[in-house]
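Heads up, the thing below is written out as C-alpha cells.
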Amino acid sequence: MEGADSGTPAGSWILLGVAVIAVSSAGVVLQEMSEVPPLLRASWRMQGTALVLLPGFAYQLAKMERPWLSSSDVWLILASSAFLAMHFGSWVWSLDHTSLVHSLLFVNTHPLVVVAMMPMIGSVVRRGHVIGVIVGFTGAVITLLDVGSSGEVSMIGDAAAFVGAATVVGYLFAGRHLRSVRELPIFVYAFPVTLGAGVWLALSSLGIEGTSLTSLPPESAVLGWTDTAWVAWVAYLSLGPGLCGHTGINTILRWIPPIIISITLLFEPVLGGIIGWLWTGEAVLGAYTVLGGALMITGAIMITLEENSDRDSDLVGNGLS
C-alpha cells in the first residue's frame with residue numbers, strides 16, 4: 001500500500017475530507033428525524049444503504065467462483081448483521097436521549113472496548129493500550145459530570161451510545177475475518193450484512209415500537225421511508241454517510257495509510273457537533289464535556305497508534321455512524 005506521500009493522488013485527500021464530513025453528518029440528520037421511532041429509523045438507514053450496495057453486490061457476486069459462500073460464512077454474516085443492528089439501534093436510540101456530542105463521543109469508544117477484549121482473544125495488552133484506556137475512561141467519567149446540568153445530557157442516553165460502541169466490536173471482528181481471511185469482496189460482504197441488519201431492526205421495531213408492515217402515517221411503517229416525506233432523508237443517509245462515507249473510505253485505503261484514516265475518523269464527535277450547530281444553530285457543551293471529550297479522543301488515538309504498530313488498526317478505527 002502506498003503511503004501518504006508524493007505518490008498519493010491529491011484527489012484522495014479530497015475524498016477523505018468528503019467521507020469524514022459525510023460520516024459525521026449522520027448523527028444530526030438522524031436526530032432531526034425524531035418523529036420516527038429510533039429502531040425503525042435505524043432500519044430505514046440500513047434498508048436504504050442496502051439498496052445502494054445492491055448493484056455492486058450483483059456485479060461482484062457474478063464474478064466470484066462458485067460455491068460463493070460456505071455455511072460458516074453465512075453464519076458469520078448473520079452474526080455480523082445482528083451486531084450491526086444492535087450497534088445502530090442503540091446508537092440511534094441514544095440520539096433521542098442525550099446530546100448529539102455525547103452520543104458521538106460514547107459511540108466512538110470502541111477502541112477502548114477492543115482493548116478490554118484483547119486478553120480474552122489472546123492478544124497482548126501493552127503499556128500504550130493501558131495508558132490509552134486510562135486516559136479514555138477518565139475522560140468518559142469527566143463528561144458524565146455534565147449529566148443533569150442540561151436537559152439534553154442523560155446517563156441512560158450515554159449508556160446506550162456506549163452499547164453501540166461495544167456491539168460494533170463484534171461487527172468489526174466478524175468483518176475482519178470475512179474480508180481479510182476469507183477475502184470476500186467488499187460488496188459481497190457489505191450488502192447481506194447491511195440488509196440483514198435492516199431486517200433485524202425492522203423485526204425489533206415491529207415487536208417493541210408497535211410499528212407495522214403497512215401503516216399510515218408512514219412514520220409507523222417498515223417501508224415508510226419510501227413516502228415522499230422521508231425518501232430524501234433516507235436517500236441522503238444512504239448516499240452520503242453510506243456510499244460517500246464508508247465506501248469512499250474503503251476506496252482511499254489504496255492510497256492513504258489506514259492509521260491516518262483511523263485517527264481522522266476519531267474526530268467525528270467534533271465534526272458532528274460543528275455540523276449539528278450549523279444545522280440547528282444550537283450547541284450545548286458543558287465544560288466537563290469539552291475536557292472529558294478531549295481526553296476520550298486522546299485515549300482512542302493513543303490506542304489506535306499502539307495498534308498500528310501491529311498493523312491491527314482496522315479493528316479500532318472504523319467509523320460507522
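Chain labels follow the order of the C-alpha cells: the first chain is A, the next B, and so on; residue numbering restarts at 1 in every chain, and ligands are counted from 1 in their shown order.
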
Residues near Ile303 in chain A, cut-off 12 Å, only C-alpha atoms, skip fewer than 3 positions along chain, as JSON, numbers by chain: {"A": [109, 110, 111, 112, 113, 114, 115, 116, 125, 126, 127, 128, 129, 130, 131, 132, 133, 134, 135, 136, 259, 262, 263, 266, 296, 297, 298, 299, 300, 306, 307, 308, 309, 310, 312, 313, 314, 315, 316, 317]}

File of the preceding selection, N, CA and C atoms, as a CSV table (one decimal), in the first residue's frame:
chain,number,residue,atom,x,y,z
A,109,THR,N,-16.2,5.0,21.4
A,109,THR,CA,-15.2,4.5,22.4
A,109,THR,C,-14.9,3.0,22.1
A,110,HIS,N,-15.2,2.5,20.9
A,110,HIS,CA,-14.9,1.1,20.6
A,110,HIS,C,-13.4,0.8,20.7
A,111,PRO,N,-12.5,1.7,20.4
A,111,PRO,CA,-11.1,1.3,20.7
A,111,PRO,C,-10.8,0.9,22.1
A,112,LEU,N,-11.5,1.5,23.1
A,112,LEU,CA,-11.4,1.1,24.5
A,112,LEU,C,-12.0,-0.2,24.7
A,113,VAL,N,-13.1,-0.5,24.1
A,113,VAL,CA,-13.7,-1.9,24.2
A,113,VAL,C,-12.8,-3.0,23.6
A,114,VAL,N,-12.2,-2.7,22.5
A,114,VAL,CA,-11.3,-3.7,21.9
A,114,VAL,C,-10.2,-4.0,22.9
A,115,VAL,N,-9.6,-3.0,23.5
A,115,VAL,CA,-8.5,-3.3,24.5
A,115,VAL,C,-9.0,-4.2,25.6
A,116,ALA,N,-10.2,-3.9,26.1
A,116,ALA,CA,-10.8,-4.7,27.2
A,116,ALA,C,-11.0,-6.2,26.8
A,125,VAL,N,-1.7,-7.2,25.7
A,125,VAL,CA,-2.0,-5.8,26.1
A,125,VAL,C,-0.8,-5.1,26.5
A,126,ARG,N,-0.4,-4.1,25.8
A,126,ARG,CA,0.9,-3.4,26.1
A,126,ARG,C,0.6,-2.1,26.9
A,127,ARG,N,1.7,-1.5,27.3
A,127,ARG,CA,1.6,-0.3,28.2
A,127,ARG,C,0.8,0.8,27.5
A,128,GLY,N,1.1,1.0,26.1
A,128,GLY,CA,0.4,2.0,25.4
A,128,GLY,C,-1.1,1.8,25.4
A,129,HIS,N,-1.6,0.5,25.3
A,129,HIS,CA,-3.0,0.2,25.4
A,129,HIS,C,-3.6,0.7,26.8
A,130,VAL,N,-2.8,0.3,27.9
A,130,VAL,CA,-3.3,0.6,29.2
A,130,VAL,C,-3.4,2.1,29.4
A,131,ILE,N,-2.4,2.8,29.0
A,131,ILE,CA,-2.4,4.3,29.2
A,131,ILE,C,-3.6,4.9,28.4
A,132,GLY,N,-3.8,4.4,27.2
A,132,GLY,CA,-4.9,4.9,26.4
A,132,GLY,C,-6.2,4.7,27.0
A,133,VAL,N,-6.4,3.5,27.6
A,133,VAL,CA,-7.7,3.1,28.2
A,133,VAL,C,-7.9,4.0,29.4
A,134,ILE,N,-6.8,4.2,30.2
A,134,ILE,CA,-7.0,5.0,31.4
A,134,ILE,C,-7.3,6.5,31.1
A,135,VAL,N,-6.7,7.0,30.1
A,135,VAL,CA,-7.0,8.4,29.6
A,135,VAL,C,-8.4,8.5,29.1
A,136,GLY,N,-8.8,7.5,28.2
A,136,GLY,CA,-10.1,7.5,27.6
A,136,GLY,C,-11.2,7.4,28.6
A,259,ILE,N,-3.9,4.1,9.3
A,259,ILE,CA,-3.7,4.8,10.6
A,259,ILE,C,-4.2,6.3,10.5
A,262,SER,N,-7.9,6.2,10.3
A,262,SER,CA,-8.5,5.9,11.6
A,262,SER,C,-8.5,7.0,12.6
A,263,ILE,N,-7.4,7.7,12.7
A,263,ILE,CA,-7.3,8.9,13.6
A,263,ILE,C,-8.2,10.0,13.1
A,266,LEU,N,-11.7,9.5,14.3
A,266,LEU,CA,-11.9,9.6,15.7
A,266,LEU,C,-12.4,11.1,16.1
A,296,MET,N,-11.2,11.6,25.9
A,296,MET,CA,-11.7,10.4,25.3
A,296,MET,C,-11.1,10.2,23.9
A,297,ILE,N,-11.0,11.3,23.2
A,297,ILE,CA,-10.5,11.2,21.8
A,297,ILE,C,-9.0,11.0,21.9
A,298,THR,N,-8.3,11.6,22.9
A,298,THR,CA,-6.8,11.4,23.0
A,298,THR,C,-6.5,9.9,23.4
A,299,GLY,N,-7.3,9.3,24.3
A,299,GLY,CA,-7.1,7.9,24.6
A,299,GLY,C,-7.4,7.0,23.5
A,300,ALA,N,-8.4,7.3,22.7
A,300,ALA,CA,-8.7,6.5,21.5
A,300,ALA,C,-7.5,6.6,20.5
A,306,GLU,N,-1.0,2.6,19.0
A,306,GLU,CA,-0.4,1.4,19.6
A,306,GLU,C,-0.7,0.2,18.7
A,307,GLU,N,-2.0,0.1,18.3
A,307,GLU,CA,-2.4,-1.0,17.5
A,307,GLU,C,-1.8,-0.9,16.1
A,308,ASN,N,-1.5,0.3,15.6
A,308,ASN,CA,-0.9,0.4,14.3
A,308,ASN,C,0.5,-0.3,14.2
A,309,SER,N,1.1,-0.3,15.4
A,309,SER,CA,2.5,-0.9,15.4
A,309,SER,C,2.4,-2.4,15.1
A,310,ASP,N,1.2,-3.0,15.3
A,310,ASP,CA,1.0,-4.4,15.0
A,310,ASP,C,0.1,-4.6,13.8
A,312,ASP,N,-3.0,-3.6,13.3
A,312,ASP,CA,-4.3,-4.1,13.6
A,312,ASP,C,-5.2,-2.9,13.7
A,313,SER,N,-4.9,-1.8,13.1
A,313,SER,CA,-5.7,-0.5,13.3
A,313,SER,C,-7.1,-0.7,12.7
A,314,ASP,N,-7.3,-1.7,11.8
A,314,ASP,CA,-8.6,-1.9,11.2
A,314,ASP,C,-9.6,-2.2,12.2
A,315,LEU,N,-9.2,-2.7,13.4
A,315,LEU,CA,-10.2,-3.1,14.4
A,315,LEU,C,-10.6,-1.9,15.3
A,316,VAL,N,-9.8,-0.8,15.3
A,316,VAL,CA,-10.0,0.2,16.3
A,316,VAL,C,-10.3,1.6,15.7
A,317,GLY,N,-10.4,1.7,14.3
A,317,GLY,CA,-10.6,3.0,13.8
A,317,GLY,C,-11.6,3.1,12.7

When DSSP works through the backbone of this structure, what residues of range 112-217 of chain A end up as helix (DSSP H, G or I), shown as a PyMOL selection string? chain A and resi 112-121+127-146+155-181+186-209

Set the distance at 7 Å and use only C-alpha atoms: which residues neighbour range 144-160 of chain A once local chain neighbours fewer than 3 positions away are removed? I'd like the list as a list of chain:residue names.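 These residues fall inside the cut-off: A:Ser90, A:Trp91, A:Ser94, A:His97, A:Thr98, A:Ser99, A:His102, A:Ser103, A:Phe106, A:Ala140, A:Val141, A:Val163, A:Gly164, A:Gly286, A:Tyr288, A:Thr289.
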
With C-alpha atoms retained, export the selected residues as a PDB file, in the first residue's frame.
ATOM      1  CA  SER A  90     -28.703   1.508  20.383  1.00  0.00           C
ATOM      2  CA  TRP A  91     -26.857   4.471  18.879  1.00  0.00           C
ATOM      3  CA  SER A  94     -29.200   7.334  22.258  1.00  0.00           C
ATOM      4  CA  HIS A  97     -31.950  10.544  24.951  1.00  0.00           C
ATOM      5  CA  THR A  98     -28.701  12.516  25.201  1.00  0.00           C
ATOM      6  CA  SER A  99     -26.909  15.327  23.406  1.00  0.00           C
ATOM      7  CA  HIS A 102     -22.261  12.925  23.997  1.00  0.00           C
ATOM      8  CA  SER A 103     -23.807  10.321  21.719  1.00  0.00           C
ATOM      9  CA  PHE A 106     -19.558   7.423  23.557  1.00  0.00           C
ATOM     10  CA  ALA A 140     -15.667   9.429  29.923  1.00  0.00           C
ATOM     11  CA  VAL A 141     -16.114   9.815  33.679  1.00  0.00           C
ATOM     12  CA  VAL A 163     -23.646  -0.166  23.990  1.00  0.00           C
ATOM     13  CA  GLY A 164     -23.418   0.900  20.354  1.00  0.00           C
ATOM     14  CA  GLY A 286     -20.574  21.906  29.209  1.00  0.00           C
ATOM     15  CA  TYR A 288     -16.872  18.796  31.590  1.00  0.00           C
ATOM     16  CA  THR A 289     -17.909  17.583  28.146  1.00  0.00           C
TER      17      THR A 289
END

Between CA of His87 in chain A and CA of Pro218 in chain A, what is the distance in Å, rounded to a tenth?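 Distance reported for this atom pair: 24.0 Å.
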
Residue neighbourhood range 10-16 of chain A, 8 Å, only C-alpha atoms, exclusion window fewer than 4 positions, as a list in words: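 The filter keeps Val20, Gly248, Ile249, Ile252, Trp255, Ile256 and Ile261 of chain A.
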
Determine, for each residue of range 164-229 of chain A having at least one atom at most 12 Å from an atom of range 62-83 of chain A, the closest pair of atoms and their separation in Å to one decimal, counting only C-alpha atoms; order by chain and ascending number, as a Markdown table.
| residue | atom | partner | partner_atom | distance |
| --- | --- | --- | --- | --- |
| A:Gly164 | CA | A:Phe83 | CA | 9.1 |
| A:Ala165 | CA | A:Phe83 | CA | 10.4 |
| A:Ala166 | CA | A:Phe83 | CA | 9.3 |
| A:Thr167 | CA | A:Phe83 | CA | 5.5 |
| A:Val168 | CA | A:Phe83 | CA | 6.1 |
| A:Val169 | CA | A:Phe83 | CA | 8.1 |
| A:Gly170 | CA | A:Phe83 | CA | 5.9 |
| A:Tyr171 | CA | A:Ser80 | CA | 4.8 |
| A:Leu172 | CA | A:Ser80 | CA | 8.0 |
| A:Phe173 | CA | A:Ser80 | CA | 8.5 |
| A:Ala174 | CA | A:Ser80 | CA | 5.7 |
| A:Gly175 | CA | A:Ser80 | CA | 7.0 |
| A:Arg176 | CA | A:Ser80 | CA | 10.4 |
| A:His177 | CA | A:Leu76 | CA | 8.9 |
| A:Leu178 | CA | A:Asp73 | CA | 7.2 |
| A:Arg179 | CA | A:Asp73 | CA | 10.6 |
| A:Val181 | CA | A:Asp73 | CA | 10.9 |
| A:Arg182 | CA | A:Asp73 | CA | 8.2 |
| A:Glu183 | CA | A:Asp73 | CA | 10.9 |
| A:Leu184 | CA | A:Leu69 | CA | 8.8 |
| A:Pro185 | CA | A:Met64 | CA | 8.7 |
| A:Phe187 | CA | A:Ala62 | CA | 11.5 |
| A:Val188 | CA | A:Trp68 | CA | 9.3 |
| A:Tyr189 | CA | A:Ile77 | CA | 7.5 |
| A:Ala190 | CA | A:Ile77 | CA | 9.1 |
| A:Phe191 | CA | A:Ser81 | CA | 9.9 |
| A:Pro192 | CA | A:Ile77 | CA | 7.2 |
| A:Val193 | CA | A:Ser81 | CA | 4.5 |
| A:Thr194 | CA | A:Ser81 | CA | 6.3 |
| A:Leu195 | CA | A:Ser81 | CA | 7.8 |
| A:Gly196 | CA | A:Ser81 | CA | 5.2 |
| A:Ala197 | CA | A:Ser81 | CA | 4.6 |
| A:Gly198 | CA | A:Ser81 | CA | 8.3 |
| A:Val199 | CA | A:Ser81 | CA | 9.0 |
| A:Trp200 | CA | A:Ala82 | CA | 6.7 |
| A:Leu201 | CA | A:Ala82 | CA | 8.8 |
| A:Ala202 | CA | A:Ala82 | CA | 11.9 |
| A:Leu203 | CA | A:Ala82 | CA | 11.6 |
| A:Ser204 | CA | A:Ala82 | CA | 11.2 |

Residues within 6 Å of Leu104 in chain A, please, as a PyMOL selection string. Count only C-alpha atoms; anything in the same chain fewer than 3 positions from it doesn't count. chain A and resi 101+107+269

Please produce an output containing C-alpha atoms for each residue in the selection, written as a short mmCIF file (atom, residue, chain, number, x, y, z; two decimals), in the first residue's frame.
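selection38.cif written:
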data_model
loop_
_atom_site.label_atom_id
_atom_site.label_comp_id
_atom_site.auth_asym_id
_atom_site.auth_seq_id
_atom_site.Cartn_x
_atom_site.Cartn_y
_atom_site.Cartn_z
CA VAL A 101 -21.92 15.36 21.08
CA VAL A 107 -20.35 5.53 20.34
CA PRO A 269 -17.69 13.90 17.59
#

In Å to one decimal, how far is CA of Ile21 in chain A from CA of Ile275 in chain A?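 Result for CA of Ile275 in chain A versus CA of Ile21 in chain A: 8.6 Å, one decimal.
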
Which one is closest to Leu237 in chain A: A:Phe267, A:Tyr59, A:Trp44, A:Phe137? Count only C-alpha atoms.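 Selected residue with least distance to Leu237 in chain A: A:Trp44.
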
In terms of the shortest atom-to-atom distance over only C-alpha atoms, which of A:Leu95, A:Met118, A:Leu30, A:Thr226 is closest to Ala161 in chain A? A:Leu95

Name the residues of range 144-270 of chain A that come out as strand (DSSP E or B) in a backbone DSSP run; write them as a list in words.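 Going through range 144-270 of chain A, the strand (DSSP E or B) residues come out as Val147, Ser150, Ser212 and Ala221 of chain A.
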
Mind dumping the selected residues with C-alpha atoms as a PDB file, in the first residue's frame?
ATOM      1  CA  VAL A 147     -25.336  14.744  33.304  1.00  0.00           C
ATOM      2  CA  SER A 150     -28.891  20.457  30.995  1.00  0.00           C
ATOM      3  CA  SER A 212     -46.477  -2.306  11.193  1.00  0.00           C
ATOM      4  CA  ALA A 221     -44.410   1.683   8.661  1.00  0.00           C
TER       5      ALA A 221
END

Gly242 in chain A proximity check over A:Leu40, A:Val29, A:Ala50, A:Ala287, using only C-alpha atoms: winner is A:Ala50

Interatomic distance (Å, one decimal) between CA of Trp230 in chain A and CA of Leu54 in chain A: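 CA of Leu54 in chain A lies at a distance of 20.7 Å from CA of Trp230 in chain A.
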
Just want the 12 Å neighbourhood of Gly210 in chain A, counted on only C-alpha atoms, with same-chain residues fewer than 3 positions away dropped. Output as an MDAnalysis selection string. chainID A and resid 36:40 202:207 213:215 219:222
